[in-house]
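**Student:** work16.cif (mmCIF, C-alpha atoms) pasted underneath:
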data_protein
#
loop_
_atom_site.group_PDB
_atom_site.id
_atom_site.type_symbol
_atom_site.label_atom_id
_atom_site.label_comp_id
_atom_site.auth_asym_id
_atom_site.auth_seq_id
_atom_site.Cartn_x
_atom_site.Cartn_y
_atom_site.Cartn_z
ATOM 1 C CA MET A 21 77.979 85.388 105.207
ATOM 2 C CA SER A 22 77.378 86.470 108.813
ATOM 3 C CA PHE A 23 75.586 89.787 109.276
ATOM 4 C CA THR A 24 75.604 92.594 111.828
ATOM 5 C CA LYS A 25 72.662 94.975 111.344
ATOM 6 C CA SER A 26 73.212 98.688 111.639
ATOM 7 C CA CYS A 27 71.511 101.935 110.591
ATOM 8 C CA THR A 28 72.582 105.575 110.612
ATOM 9 C CA SER A 29 70.569 108.776 110.537
ATOM 10 C CA LYS A 30 72.124 109.657 107.190
ATOM 11 C CA ASP A 31 71.256 106.366 105.492
ATOM 12 C CA SER A 32 67.994 104.545 106.201
ATOM 13 C CA ARG A 33 69.062 101.403 104.354
ATOM 14 C CA GLU A 34 69.730 98.309 106.398
ATOM 15 C CA ARG A 35 73.488 97.965 106.626
ATOM 16 C CA LEU A 36 75.064 94.554 106.992
ATOM 17 C CA LYS A 37 78.659 94.373 108.139
ATOM 18 C CA THR A 38 80.078 91.141 106.790
ATOM 19 C CA SER A 39 82.623 89.350 104.680
ATOM 20 C CA LEU A 40 81.436 87.748 101.441
ATOM 21 C CA VAL A 41 83.320 84.576 102.325
ATOM 22 C CA ASN A 42 83.600 83.344 105.893
ATOM 23 C CA PRO A 43 87.297 83.688 106.854
ATOM 24 C CA LYS A 44 87.250 80.105 108.160
ATOM 25 C CA TYR A 45 86.971 78.936 104.512
ATOM 26 C CA LYS A 46 89.938 80.969 103.298
ATOM 27 C CA ASP A 47 92.509 78.166 103.483
ATOM 28 C CA SER A 48 90.114 75.349 102.575
ATOM 29 C CA ILE A 49 88.807 76.577 99.203
ATOM 30 C CA THR A 50 89.608 73.957 96.568
ATOM 31 C CA SER A 51 88.341 75.749 93.459
ATOM 32 C CA PHE A 52 86.604 78.777 91.995
ATOM 33 C CA GLU A 53 84.295 78.768 89.010
ATOM 34 C CA LEU A 54 83.819 82.107 87.263
ATOM 35 C CA GLU A 55 81.007 82.465 84.756
ATOM 36 C CA ASP A 56 79.580 85.274 82.653
ATOM 37 C CA SER A 57 78.110 85.692 79.177
ATOM 38 C CA ALA A 58 81.605 85.258 77.665
ATOM 39 C CA GLY A 59 82.159 81.806 79.146
ATOM 40 C CA THR A 60 83.384 79.910 82.182
ATOM 41 C CA LEU A 61 86.816 79.702 83.788
ATOM 42 C CA THR A 62 87.736 77.178 86.482
ATOM 43 C CA ILE A 63 90.545 77.952 88.918
ATOM 44 C CA ASN A 64 91.808 74.982 90.927
ATOM 45 C CA ASN A 65 94.017 74.569 93.967
ATOM 46 C CA ASN A 66 96.081 71.410 93.372
ATOM 47 C CA GLY A 67 97.632 71.542 96.832
ATOM 48 C CA GLN A 68 100.891 73.090 95.624
ATOM 49 C CA PHE A 69 99.732 75.998 93.460
ATOM 50 C CA TRP A 70 96.631 77.336 91.714
ATOM 51 C CA THR A 71 95.852 76.715 88.059
ATOM 52 C CA ALA A 72 93.655 78.759 85.711
ATOM 53 C CA GLY A 73 92.556 76.452 82.946
ATOM 54 C CA SER A 74 95.714 74.794 81.607
ATOM 55 C CA LEU A 75 98.082 77.431 82.979
ATOM 56 C CA PRO A 76 99.496 78.232 86.411
ATOM 57 C CA ALA A 77 97.444 81.005 87.989
ATOM 58 C CA SER A 78 98.908 84.257 89.277
ATOM 59 C CA PRO A 79 99.496 83.637 93.014
ATOM 60 C CA GLU A 80 99.313 87.362 93.761
ATOM 61 C CA ARG A 81 95.917 87.706 92.101
ATOM 62 C CA ILE A 82 94.508 84.641 93.868
ATOM 63 C CA GLN A 83 95.814 85.851 97.213
ATOM 64 C CA ASN A 84 94.298 89.302 96.644
ATOM 65 C CA LEU A 85 90.963 87.697 95.736
ATOM 66 C CA LEU A 86 90.959 85.632 98.925
ATOM 67 C CA GLU A 87 91.848 88.668 101.010
ATOM 68 C CA ASP A 88 89.101 90.805 99.471
ATOM 69 C CA LEU A 89 86.471 88.079 99.785
ATOM 70 C CA THR A 90 87.208 87.553 103.485
ATOM 71 C CA THR A 91 87.508 91.253 104.393
ATOM 72 C CA ILE A 92 84.711 92.682 106.548
ATOM 73 C CA ARG A 93 82.801 95.278 104.512
ATOM 74 C CA ASN A 94 79.452 97.069 104.345
ATOM 75 C CA LEU A 95 76.552 95.630 102.373
ATOM 76 C CA TYR A 96 73.246 97.460 102.052
ATOM 77 C CA LYS A 97 70.030 95.527 101.699
ATOM 78 C CA ILE A 98 68.071 96.866 98.705
ATOM 79 C CA SER A 99 65.226 94.402 98.249
ATOM 80 C CA ASP A 100 63.845 91.109 99.562
ATOM 81 C CA LYS A 101 63.253 89.794 96.055
ATOM 82 C CA ILE A 102 63.733 90.538 92.378
ATOM 83 C CA SER A 103 60.767 91.853 90.413
ATOM 84 C CA GLN A 104 60.180 91.080 86.739
ATOM 85 C CA LYS A 105 61.066 94.667 85.789
ATOM 86 C CA SER A 106 64.166 94.716 87.969
ATOM 87 C CA THR A 107 67.192 96.697 86.788
ATOM 88 C CA PHE A 108 69.545 94.837 89.106
ATOM 89 C CA GLY A 109 70.962 92.752 86.256
ATOM 90 C CA LEU A 110 71.048 89.614 88.391
ATOM 91 C CA THR A 111 68.883 87.315 86.287
ATOM 92 C CA ASN A 112 69.007 88.563 82.693
ATOM 93 C CA GLY A 113 72.128 86.755 81.457
ATOM 94 C CA THR A 114 74.522 89.655 82.039
ATOM 95 C CA GLU A 115 75.266 88.720 85.653
ATOM 96 C CA PHE A 116 78.610 87.385 86.885
ATOM 97 C CA HIS A 117 78.727 84.177 88.922
ATOM 98 C CA LEU A 118 81.549 83.516 91.359
ATOM 99 C CA ARG A 119 81.259 80.019 92.808
ATOM 100 C CA TYR A 120 83.688 78.535 95.295
ATOM 101 C CA ASN A 121 84.047 75.043 96.651
ATOM 102 C CA THR A 122 85.581 73.480 99.720
ATOM 103 C CA GLU A 123 85.849 69.737 100.292
ATOM 104 C CA ASP A 124 82.374 69.645 101.820
ATOM 105 C CA SER A 125 80.543 72.795 100.737
ATOM 106 C CA PHE A 126 79.522 74.906 97.741
ATOM 107 C CA HIS A 127 78.712 78.629 97.722
ATOM 108 C CA GLU A 128 77.854 81.202 95.085
ATOM 109 C CA LEU A 129 77.986 84.984 94.766
ATOM 110 C CA ILE A 130 76.079 86.643 91.928
ATOM 111 C CA PHE A 131 77.096 90.155 90.833
ATOM 112 C CA GLY A 132 74.705 92.311 88.808
ATOM 113 C CA ASN A 133 74.682 95.832 87.385
ATOM 114 C CA GLN A 134 76.319 98.888 88.854
ATOM 115 C CA ASP A 135 74.039 101.411 90.528
ATOM 116 C CA PHE A 136 73.353 104.857 89.041
ATOM 117 C CA SER A 137 76.457 106.343 90.721
ATOM 118 C CA LEU A 138 78.698 103.637 89.189
ATOM 119 C CA SER A 139 80.376 103.246 92.599
ATOM 120 C CA SER A 140 78.407 100.230 93.820
ATOM 121 C CA ARG A 141 77.180 96.922 92.407
ATOM 122 C CA TYR A 142 74.158 94.733 93.120
ATOM 123 C CA LEU A 143 74.768 91.354 94.706
ATOM 124 C CA MET A 144 72.893 88.252 95.805
ATOM 125 C CA THR A 145 73.891 84.808 97.076
ATOM 126 C CA GLU A 146 72.627 81.284 96.472
ATOM 127 C CA LYS A 147 70.911 81.309 99.869
ATOM 128 C CA ASN A 148 67.925 83.553 99.101
ATOM 129 C CA THR A 149 66.488 86.207 96.765
ATOM 130 C CA GLN A 150 67.556 89.220 98.835
ATOM 131 C CA VAL A 151 69.458 91.881 96.884
ATOM 132 C CA TYR A 152 72.329 93.838 98.378
ATOM 133 C CA GLU A 153 74.472 96.746 97.259
ATOM 134 C CA ILE A 154 78.239 96.480 97.629
ATOM 135 C CA ASP A 155 81.134 98.805 96.786
ATOM 136 C CA ASN A 156 82.990 98.259 93.522
ATOM 137 C CA THR A 157 86.307 97.026 94.963
ATOM 138 C CA LEU A 158 85.607 93.496 93.683
ATOM 139 C CA ASP A 159 84.937 94.607 90.096
ATOM 140 C CA LYS A 160 88.540 93.838 89.116
ATOM 141 C CA TYR A 161 87.829 90.136 89.651
ATOM 142 C CA LEU A 162 84.681 89.969 87.526
ATOM 143 C CA SER A 163 86.343 88.505 84.449
ATOM 144 C CA THR A 164 86.524 85.059 82.878
ATOM 145 C CA SER A 165 89.483 86.037 80.695
ATOM 146 C CA LEU A 166 92.264 83.478 81.156
ATOM 147 C CA GLN A 167 94.945 86.117 80.711
ATOM 148 C CA SER A 168 93.581 88.134 83.633
ATOM 149 C CA TRP A 169 94.079 85.146 85.965
ATOM 150 C CA ALA A 170 97.018 83.178 84.548
ATOM 151 C CA GLU A 171 100.610 83.702 85.519
ATOM 152 C CA PRO A 172 102.019 85.633 82.530
ATOM 153 C CA PHE A 173 105.418 83.995 82.045
ATOM 154 C CA ILE A 174 106.308 81.177 79.645
ATOM 155 C CA ILE A 175 108.423 79.694 82.456
ATOM 156 C CA SER A 176 106.350 79.570 85.632
ATOM 157 C CA GLN A 177 107.619 81.068 88.854
ATOM 158 C CA VAL A 178 105.283 78.939 90.972
ATOM 159 C CA VAL A 179 105.292 75.348 89.629
ATOM 160 C CA LEU A 180 108.889 74.588 90.695
ATOM 161 C CA GLY A 181 109.192 77.697 92.841
ATOM 162 C CA LYS A 182 110.940 80.968 92.114
ATOM 163 C CA ILE A 183 113.569 80.594 89.382
ATOM 164 C CA LYS A 184 116.411 83.068 88.902
ATOM 165 C CA ALA A 185 118.817 83.201 85.996
ATOM 166 C CA ASP A 186 121.702 81.770 88.026
ATOM 167 C CA ASP A 187 119.512 78.806 89.034
ATOM 168 C CA ILE A 188 119.729 77.599 85.419
ATOM 169 C CA GLN A 189 122.893 75.513 85.258
ATOM 170 C CA ARG A 190 122.627 74.029 81.775
ATOM 171 C CA THR A 191 120.650 74.835 78.624
ATOM 172 C CA GLN A 192 120.181 73.018 75.356
ATOM 173 C CA VAL A 193 118.298 74.353 72.336
ATOM 174 C CA ILE A 194 117.465 71.898 69.529
ATOM 175 C CA ASN A 195 116.336 73.500 66.280
ATOM 176 C CA HIS A 196 114.659 70.534 64.599
ATOM 177 C CA GLU A 197 114.133 72.313 61.277
ATOM 178 C CA GLU A 198 117.786 73.286 60.924
ATOM 179 C CA ASN A 199 119.089 70.170 62.703
ATOM 180 C CA HIS A 200 121.177 72.406 64.943
ATOM 181 C CA ILE A 201 121.961 72.266 68.684
ATOM 182 C CA SER A 202 122.902 75.359 70.665
ATOM 183 C CA SER A 203 122.305 76.909 74.102
ATOM 184 C CA ILE A 204 120.588 79.935 75.609
ATOM 185 C CA SER A 205 122.849 82.999 75.679
ATOM 186 C CA ASP A 206 120.921 84.969 78.338
ATOM 187 C CA PRO A 207 118.664 82.915 80.676
ATOM 188 C CA GLN A 208 117.146 86.060 82.190
ATOM 189 C CA LYS A 209 115.726 87.139 78.835
ATOM 190 C CA LEU A 210 114.057 83.744 78.544
ATOM 191 C CA LEU A 211 112.607 84.023 82.059
ATOM 192 C CA ASP A 212 111.188 87.459 81.221
ATOM 193 C CA LEU A 213 109.236 86.323 78.152
ATOM 194 C CA ARG A 214 105.444 86.192 78.410
ATOM 195 C CA HIS A 215 102.837 84.038 76.739
ATOM 196 C CA GLY A 216 99.598 85.187 75.107
ATOM 197 C CA GLY A 217 97.158 82.887 76.889
ATOM 198 C CA TYR A 218 95.727 79.541 75.836
ATOM 199 C CA PRO A 219 95.878 78.576 72.128
ATOM 200 C CA ASP A 220 92.688 79.245 70.187
ATOM 201 C CA PHE A 221 92.114 75.513 69.749
ATOM 202 C CA THR A 222 89.965 72.754 71.135
ATOM 203 C CA PRO A 223 91.931 70.055 73.022
ATOM 204 C CA ASP A 224 91.649 67.761 69.976
ATOM 205 C CA GLU A 225 92.994 70.454 67.649
ATOM 206 C CA LEU A 226 95.843 71.144 70.067
ATOM 207 C CA ASN A 227 96.711 67.444 70.168
ATOM 208 C CA GLU A 228 96.760 67.411 66.378
ATOM 209 C CA VAL A 229 99.204 70.318 66.198
ATOM 210 C CA THR A 230 101.506 68.985 68.921
ATOM 211 C CA SER A 231 101.567 65.440 67.559
ATOM 212 C CA GLU A 232 104.075 66.624 64.956
ATOM 213 C CA LYS A 233 107.747 67.325 65.635
ATOM 214 C CA PRO A 234 108.259 70.756 67.276
ATOM 215 C CA GLN A 235 110.171 73.538 65.605
ATOM 216 C CA ILE A 236 112.383 74.019 68.638
ATOM 217 C CA THR A 237 112.944 72.139 71.914
ATOM 218 C CA ILE A 238 114.575 73.902 74.865
ATOM 219 C CA ASN A 239 115.872 71.890 77.834
ATOM 220 C CA LEU A 240 116.796 73.626 81.064
ATOM 221 C CA GLU A 241 118.506 71.979 84.029
ATOM 222 C CA LEU A 242 118.318 73.774 87.361
ATOM 223 C CA GLY A 243 120.856 73.666 90.158
ATOM 224 C CA ASN A 244 118.523 71.536 92.285
ATOM 225 C CA LYS A 245 118.348 68.962 89.422
ATOM 226 C CA ASN A 246 114.791 69.899 88.470
ATOM 227 C CA GLU A 247 114.269 70.219 84.717
ATOM 228 C CA ILE A 248 112.068 72.197 82.340
ATOM 229 C CA GLU A 249 111.366 71.263 78.734
ATOM 230 C CA ILE A 250 109.852 73.826 76.359
ATOM 231 C CA GLN A 251 108.564 72.725 72.962
ATOM 232 C CA LEU A 252 107.616 75.298 70.330
ATOM 233 C CA TYR A 253 105.204 74.316 67.550
ATOM 234 C CA LYS A 254 104.006 76.232 64.514
ATOM 235 C CA SER A 255 100.356 77.111 64.928
ATOM 236 C CA LYS A 256 97.655 76.920 62.279
ATOM 237 C CA ASN A 257 97.519 80.657 62.796
ATOM 238 C CA GLU A 258 100.585 81.910 60.934
ATOM 239 C CA ASN A 259 101.185 84.668 63.474
ATOM 240 C CA ASP A 260 101.276 82.359 66.524
ATOM 241 C CA PHE A 261 103.311 79.507 67.937
ATOM 242 C CA ILE A 262 102.183 76.905 70.460
ATOM 243 C CA VAL A 263 104.255 76.379 73.610
ATOM 244 C CA LEU A 264 104.191 73.220 75.722
ATOM 245 C CA THR A 265 106.147 73.693 78.941
ATOM 246 C CA GLU A 266 106.824 70.565 80.992
ATOM 247 C CA TYR A 267 108.133 70.755 84.560
ATOM 248 C CA LYS A 268 110.060 67.814 85.981
ATOM 249 C CA SER A 269 111.071 67.396 89.606
ATOM 250 C CA GLN A 270 113.939 65.158 90.634
ATOM 251 C CA LYS A 271 111.590 63.721 93.280
ATOM 252 C CA ASP A 272 108.958 62.537 90.791
ATOM 253 C CA THR A 273 109.080 60.158 87.840
ATOM 254 C CA ARG A 274 106.229 61.940 86.075
ATOM 255 C CA PRO A 275 106.160 65.624 85.111
ATOM 256 C CA VAL A 276 104.872 67.859 87.891
ATOM 257 C CA PHE A 277 102.845 69.944 85.443
ATOM 258 C CA THR A 278 102.516 70.631 81.713
ATOM 259 C CA SER A 279 101.117 73.918 80.455
ATOM 260 C CA ALA A 280 99.894 74.855 76.984
ATOM 261 C CA SER A 281 100.036 78.446 75.800
ATOM 262 C CA LYS A 282 100.570 80.528 72.690
ATOM 263 C CA ILE A 283 103.171 83.125 71.803
ATOM 264 C CA SER A 284 103.481 85.615 68.975
ATOM 265 C CA SER A 285 105.974 85.288 66.151
ATOM 266 C CA TRP A 286 107.779 88.269 67.759
ATOM 267 C CA THR A 287 108.304 86.271 70.974
ATOM 268 C CA TYR A 288 109.324 83.206 68.977
ATOM 269 C CA ASN A 289 111.991 85.233 67.176
ATOM 270 C CA LYS A 290 113.207 86.639 70.511
ATOM 271 C CA ILE A 291 113.760 83.063 71.672
ATOM 272 C CA LYS A 292 115.705 82.216 68.508
ATOM 273 C CA GLU A 293 117.830 85.362 68.879
ATOM 274 C CA ASN A 294 118.669 84.321 72.444
ATOM 275 C CA THR A 295 120.760 81.311 71.386
ATOM 276 C CA LEU A 296 124.498 80.867 70.994
#
Turn this file's structure into C-alpha cells for me.

**Tutor:**
Amino acid sequence: MSFTKSCTSKDSRERLKTSLVNPKYKDSITSFELEDSAGTLTINNNGQFWTAGSLPASPERIQNLLEDLTTIRNLYKISDKISQKSTFGLTNGTEFHLRYNTEDSFHELIFGNQDFSLSSRYLMTEKNTQVYEIDNTLDKYLSTSLQSWAEPFIISQVVLGKIKADDIQRTQVINHEENHISSISDPQKLLDLRHGGYPDFTPDELNEVTSEKPQITINLELGNKNEIEIQLYKSKNENDFIVLTEYKSQKDTRPVFTSASKISSWTYNKIKENTL
C-alpha cells in the first residue's frame, strides 16, 4: 500500500489515502487464499479463467474484487500495535485473512471486527503491527464459502466461453440404469440449471463414488466442435447427486477442465424431464 497522509479539523485521526492492493499488481495476481475460522479457500488464475476449489470461479465476482482492492480509499490509523486486551479482533482466531500472490511476491490483508458503528472494520497488513480502520465495502468478500465464489451453473460459461442454446448442435443422453439413449429437448433449460457447490466428500470418497458407472451421461457437441460431457452419479447422501463436467476443446487432446459439484434430486429430475 502507498499512503498519502491527511488530517481534517473534524477528524483528528491520521487519514491514509491508498488502495489495499497496488494497481500495478492487478493483472499479475496468480492466486488468492481466503482463510477464516470456517476454513480455507484457494482461488487460482490458470491463465484462461479463475477457479475456486474444483469449480470455475465467478468472473464477475473476481473482477469486482480486483476493482475494489485497487480502488483508492480512505484508511484511518487507529493504533501502532495491538494490545493484549485489544477488541480489534485481529489476532483471536476470528479474523479473516486475504492473501494474494504474484509470480514474485506475497501479500496479506487481515480483517478484524467491525467498529461500534458497524460501518467500518479494523485492518492490518503483513508488513507491520499498525491497525487501520476501513469502510465496510469489502465485507461482501470476507467469506470462504465455495458457493459465494464459484460460478453457479452446471455448465460453465467461462471454461469454453459463453455458450448459448443455439451453440449446442447435438445432444446425447445415455440413461445407464434404463439402458436408454435420448437427447435434450430444451438446451436452454440445461444451461440454466445450477449446482449446489462441491460434494461433501474428501477426494478419496469422491473417487470411490465416481469409480462406478454413472446414472446418466450427457454429451453435448458445440458448433465450434468443442464438447462437454456431464456424468451424474448417485451420492451417498440420498438427496444429492454428484456431477462431473468435462470440457473438451477441439484444439487439445486432453480435457481443458473437469469440475466436480453436487446437485439436488430436484435438479436431477429436471434433467431427466428435459429429455426426448

**Student:** Counting all atoms listed in the file, find the residues whose atoms lie at most 12 Å from (69.9, 91.5, 86.5) (file coordinates) and write them out as a PyMOL selection string.

**Tutor:** chain A and resi 101-117+130-135+141-144+151

**Student:** Specify the axis-aligned box that encloses all atoms of region 91-106 of chain A listed in the file after padding of 6 Å on each side, stating its centre and edge lengths in Å to one decimal as JSON.

**Tutor:**
{"center_x": 73.8, "center_y": 93.6, "center_z": 96.2, "size_x": 39.3, "size_y": 19.7, "size_z": 32.8}

**Student:** Name the residues that the PyMOL selection byres ((chain A and resi 169-172) around 10) picks from the file above, as a PyMOL selection string, using the file's chain letters and numbers.

**Tutor:** chain A and resi 61+63+70-82+161+163-168+173-178+212-218

**Student:** Considering all atoms listed in the file, state which residue in the set A:Asp47, A:Ser205, A:Asn199, A:Leu54 is at the smallest distance from Ile236 (chain A).

**Tutor:** A:Asn199

**Student:** Report as a PyMOL selection string the residues that result from applying the PyMOL selection byres ((chain A and resi 232) around 12) to the structure here.

**Tutor:** chain A and resi 196+226-231+233-236+251-255+262

**Student:** Which is closer to Asp187 (chain A) than all the others in A:Asp260, A:Glu241, A:Glu53, A:Glu87, using only C-alpha atoms?

**Tutor:**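 For Asp187 (chain A), the nearest of the given residues is A:Glu241.
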
**Student:** To verify the selection step, state as a PDB file with C-alpha atoms, in the frame of the given file which residues the PyMOL selection byres ((chain A and resi 89-99) around 8) yields on this input.

**Tutor:**
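Contents of the output file part03.pdb:
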ATOM      1  CA  ARG A  33      69.062 101.403 104.354  1.00  0.00           C
ATOM      2  CA  GLU A  34      69.730  98.309 106.398  1.00  0.00           C
ATOM      3  CA  ARG A  35      73.488  97.965 106.626  1.00  0.00           C
ATOM      4  CA  LEU A  36      75.064  94.554 106.992  1.00  0.00           C
ATOM      5  CA  LYS A  37      78.659  94.373 108.139  1.00  0.00           C
ATOM      6  CA  THR A  38      80.078  91.141 106.790  1.00  0.00           C
ATOM      7  CA  SER A  39      82.623  89.350 104.680  1.00  0.00           C
ATOM      8  CA  LEU A  40      81.436  87.748 101.441  1.00  0.00           C
ATOM      9  CA  VAL A  41      83.320  84.576 102.325  1.00  0.00           C
ATOM     10  CA  ASN A  42      83.600  83.344 105.893  1.00  0.00           C
ATOM     11  CA  PRO A  43      87.297  83.688 106.854  1.00  0.00           C
ATOM     12  CA  LYS A  46      89.938  80.969 103.298  1.00  0.00           C
ATOM     13  CA  LEU A  85      90.963  87.697  95.736  1.00  0.00           C
ATOM     14  CA  LEU A  86      90.959  85.632  98.925  1.00  0.00           C
ATOM     15  CA  GLU A  87      91.848  88.668 101.010  1.00  0.00           C
ATOM     16  CA  ASP A  88      89.101  90.805  99.471  1.00  0.00           C
ATOM     17  CA  ASP A 100      63.845  91.109  99.562  1.00  0.00           C
ATOM     18  CA  LYS A 101      63.253  89.794  96.055  1.00  0.00           C
ATOM     19  CA  ILE A 102      63.733  90.538  92.378  1.00  0.00           C
ATOM     20  CA  GLN A 150      67.556  89.220  98.835  1.00  0.00           C
ATOM     21  CA  VAL A 151      69.458  91.881  96.884  1.00  0.00           C
ATOM     22  CA  TYR A 152      72.329  93.838  98.378  1.00  0.00           C
ATOM     23  CA  GLU A 153      74.472  96.746  97.259  1.00  0.00           C
ATOM     24  CA  ILE A 154      78.239  96.480  97.629  1.00  0.00           C
ATOM     25  CA  ASP A 155      81.134  98.805  96.786  1.00  0.00           C
TER      26      ASP A 155
END

**Student:** Could you tell me how far CA of Lys271 (chain A) sits from CA of Asn246 (chain A), in Å to one decimal place?

**Tutor:**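 If I compute the distance from CA of Asn246 (chain A) to CA of Lys271 (chain A), I get 8.5 Å.
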
**Student:** Hey, which of A:Leu129, A:Val179, A:Thr191, A:Pro275 ends up closest to Glu55 (chain A)? Count only C-alpha atoms.

**Tutor:**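 The closest residue to Glu55 (chain A) is A:Leu129.
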
**Student:** Do you have the CA of Gly67 (chain A)-CA of Glu146 (chain A) distance handy?

**Tutor:**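 Distance reported for this atom pair: 26.8 Å.
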
**Student:** Dump as number ranges by chain all residues having an atom at most 12 Å from (117.0, 71.8, 80.0), computed in the file's coordinates with all atoms listed in the file.

**Tutor:** A: 175, 187-194, 202-204, 207, 237-243, 245-251, 265-268

**Student:** With distances taken over only C-alpha atoms, which of A:Phe221, A:Asn66, A:Asn195, A:Ser48 is nearest to Phe277 (chain A)?

**Tutor:** A:Asn66

**Student:** Record the distance separating CA of Asp206 (chain A) and CA of Asp186 (chain A), expressed in Å with one decimal.

**Tutor:**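 CA of Asp206 (chain A) sits 10.2 Å away from CA of Asp186 (chain A).
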
**Student:** For Leu211 (chain A), which residue among A:Lys292, A:Ile183, A:Thr287, A:Gln270 is the nearest when counting only C-alpha atoms?

**Tutor:**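 That would be A:Ile183, the residue with the smallest distance to Leu211 (chain A).
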
**Student:** Counting all atoms listed in the file, figure out which residue out of A:Glu123, A:Leu210, A:Gly59, A:Ile49 gets nearest to Glu293 (chain A).

**Tutor:**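 So, comparing all the options, the nearest one is A:Leu210.
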
**Student:** What's around His127 (chain A) at 10 Å? Count only C-alpha atoms, leave out sequence neighbours fewer than 4 positions away in its own chain, and write the answer as a short mmCIF file (atom, residue, chain, number, x, y, z; two decimals) with C-alpha atoms, keeping the file's coordinate frame.

**Tutor:**
data_model
loop_
_atom_site.label_atom_id
_atom_site.label_comp_id
_atom_site.auth_asym_id
_atom_site.auth_seq_id
_atom_site.Cartn_x
_atom_site.Cartn_y
_atom_site.Cartn_z
CA VAL A 41 83.32 84.58 102.32
CA PHE A 52 86.60 78.78 92.00
CA LEU A 118 81.55 83.52 91.36
CA ARG A 119 81.26 80.02 92.81
CA TYR A 120 83.69 78.54 95.30
CA ASN A 121 84.05 75.04 96.65
CA THR A 122 85.58 73.48 99.72
CA THR A 145 73.89 84.81 97.08
CA GLU A 146 72.63 81.28 96.47
CA LYS A 147 70.91 81.31 99.87
#

**Student:** Missing atoms in region 146-151 of chain A should be modelled up to all heavy atoms and reported as a short mmCIF file (atom, residue, chain, number, x, y, z; two decimals), in the frame of the given file.

**Tutor:**
data_model
loop_
_atom_site.label_atom_id
_atom_site.label_comp_id
_atom_site.auth_asym_id
_atom_site.auth_seq_id
_atom_site.Cartn_x
_atom_site.Cartn_y
_atom_site.Cartn_z
N GLU A 146 73.46 82.44 96.79
CA GLU A 146 72.63 81.28 96.47
C GLU A 146 71.61 80.98 97.57
O GLU A 146 70.71 80.16 97.39
CB GLU A 146 73.53 80.06 96.23
CG GLU A 146 73.94 79.27 97.46
CD GLU A 146 75.02 79.93 98.29
OE1 GLU A 146 75.50 81.02 97.89
OE2 GLU A 146 75.42 79.36 99.32
N LYS A 147 71.74 81.67 98.71
CA LYS A 147 70.91 81.31 99.87
C LYS A 147 69.48 81.82 99.78
O LYS A 147 68.55 81.19 100.30
CB LYS A 147 71.56 81.84 101.15
CG LYS A 147 72.91 81.18 101.45
CD LYS A 147 73.50 81.73 102.71
CE LYS A 147 74.84 81.07 103.03
NZ LYS A 147 75.44 81.62 104.26
N ASN A 148 69.28 82.98 99.15
CA ASN A 148 67.92 83.55 99.10
C ASN A 148 67.84 84.56 97.96
O ASN A 148 68.79 84.72 97.19
CB ASN A 148 67.56 84.22 100.44
CG ASN A 148 68.62 85.22 100.89
OD1 ASN A 148 68.99 86.11 100.14
ND2 ASN A 148 69.11 85.06 102.11
N THR A 149 66.71 85.25 97.86
CA THR A 149 66.49 86.21 96.76
C THR A 149 66.75 87.65 97.18
O THR A 149 66.46 88.57 96.43
CB THR A 149 65.04 86.10 96.26
OG1 THR A 149 64.14 86.39 97.34
CG2 THR A 149 64.76 84.72 95.70
N GLN A 150 67.29 87.86 98.38
CA GLN A 150 67.56 89.22 98.84
C GLN A 150 68.68 89.85 98.00
O GLN A 150 69.65 89.20 97.65
CB GLN A 150 67.94 89.21 100.32
CG GLN A 150 66.79 88.79 101.23
CD GLN A 150 67.20 88.70 102.68
OE1 GLN A 150 68.38 88.63 103.00
NE2 GLN A 150 66.21 88.70 103.57
N VAL A 151 68.50 91.14 97.70
CA VAL A 151 69.46 91.88 96.88
C VAL A 151 70.19 92.89 97.76
O VAL A 151 69.56 93.61 98.55
CB VAL A 151 68.76 92.62 95.73
CG1 VAL A 151 69.77 93.42 94.90
CG2 VAL A 151 68.01 91.63 94.85
#
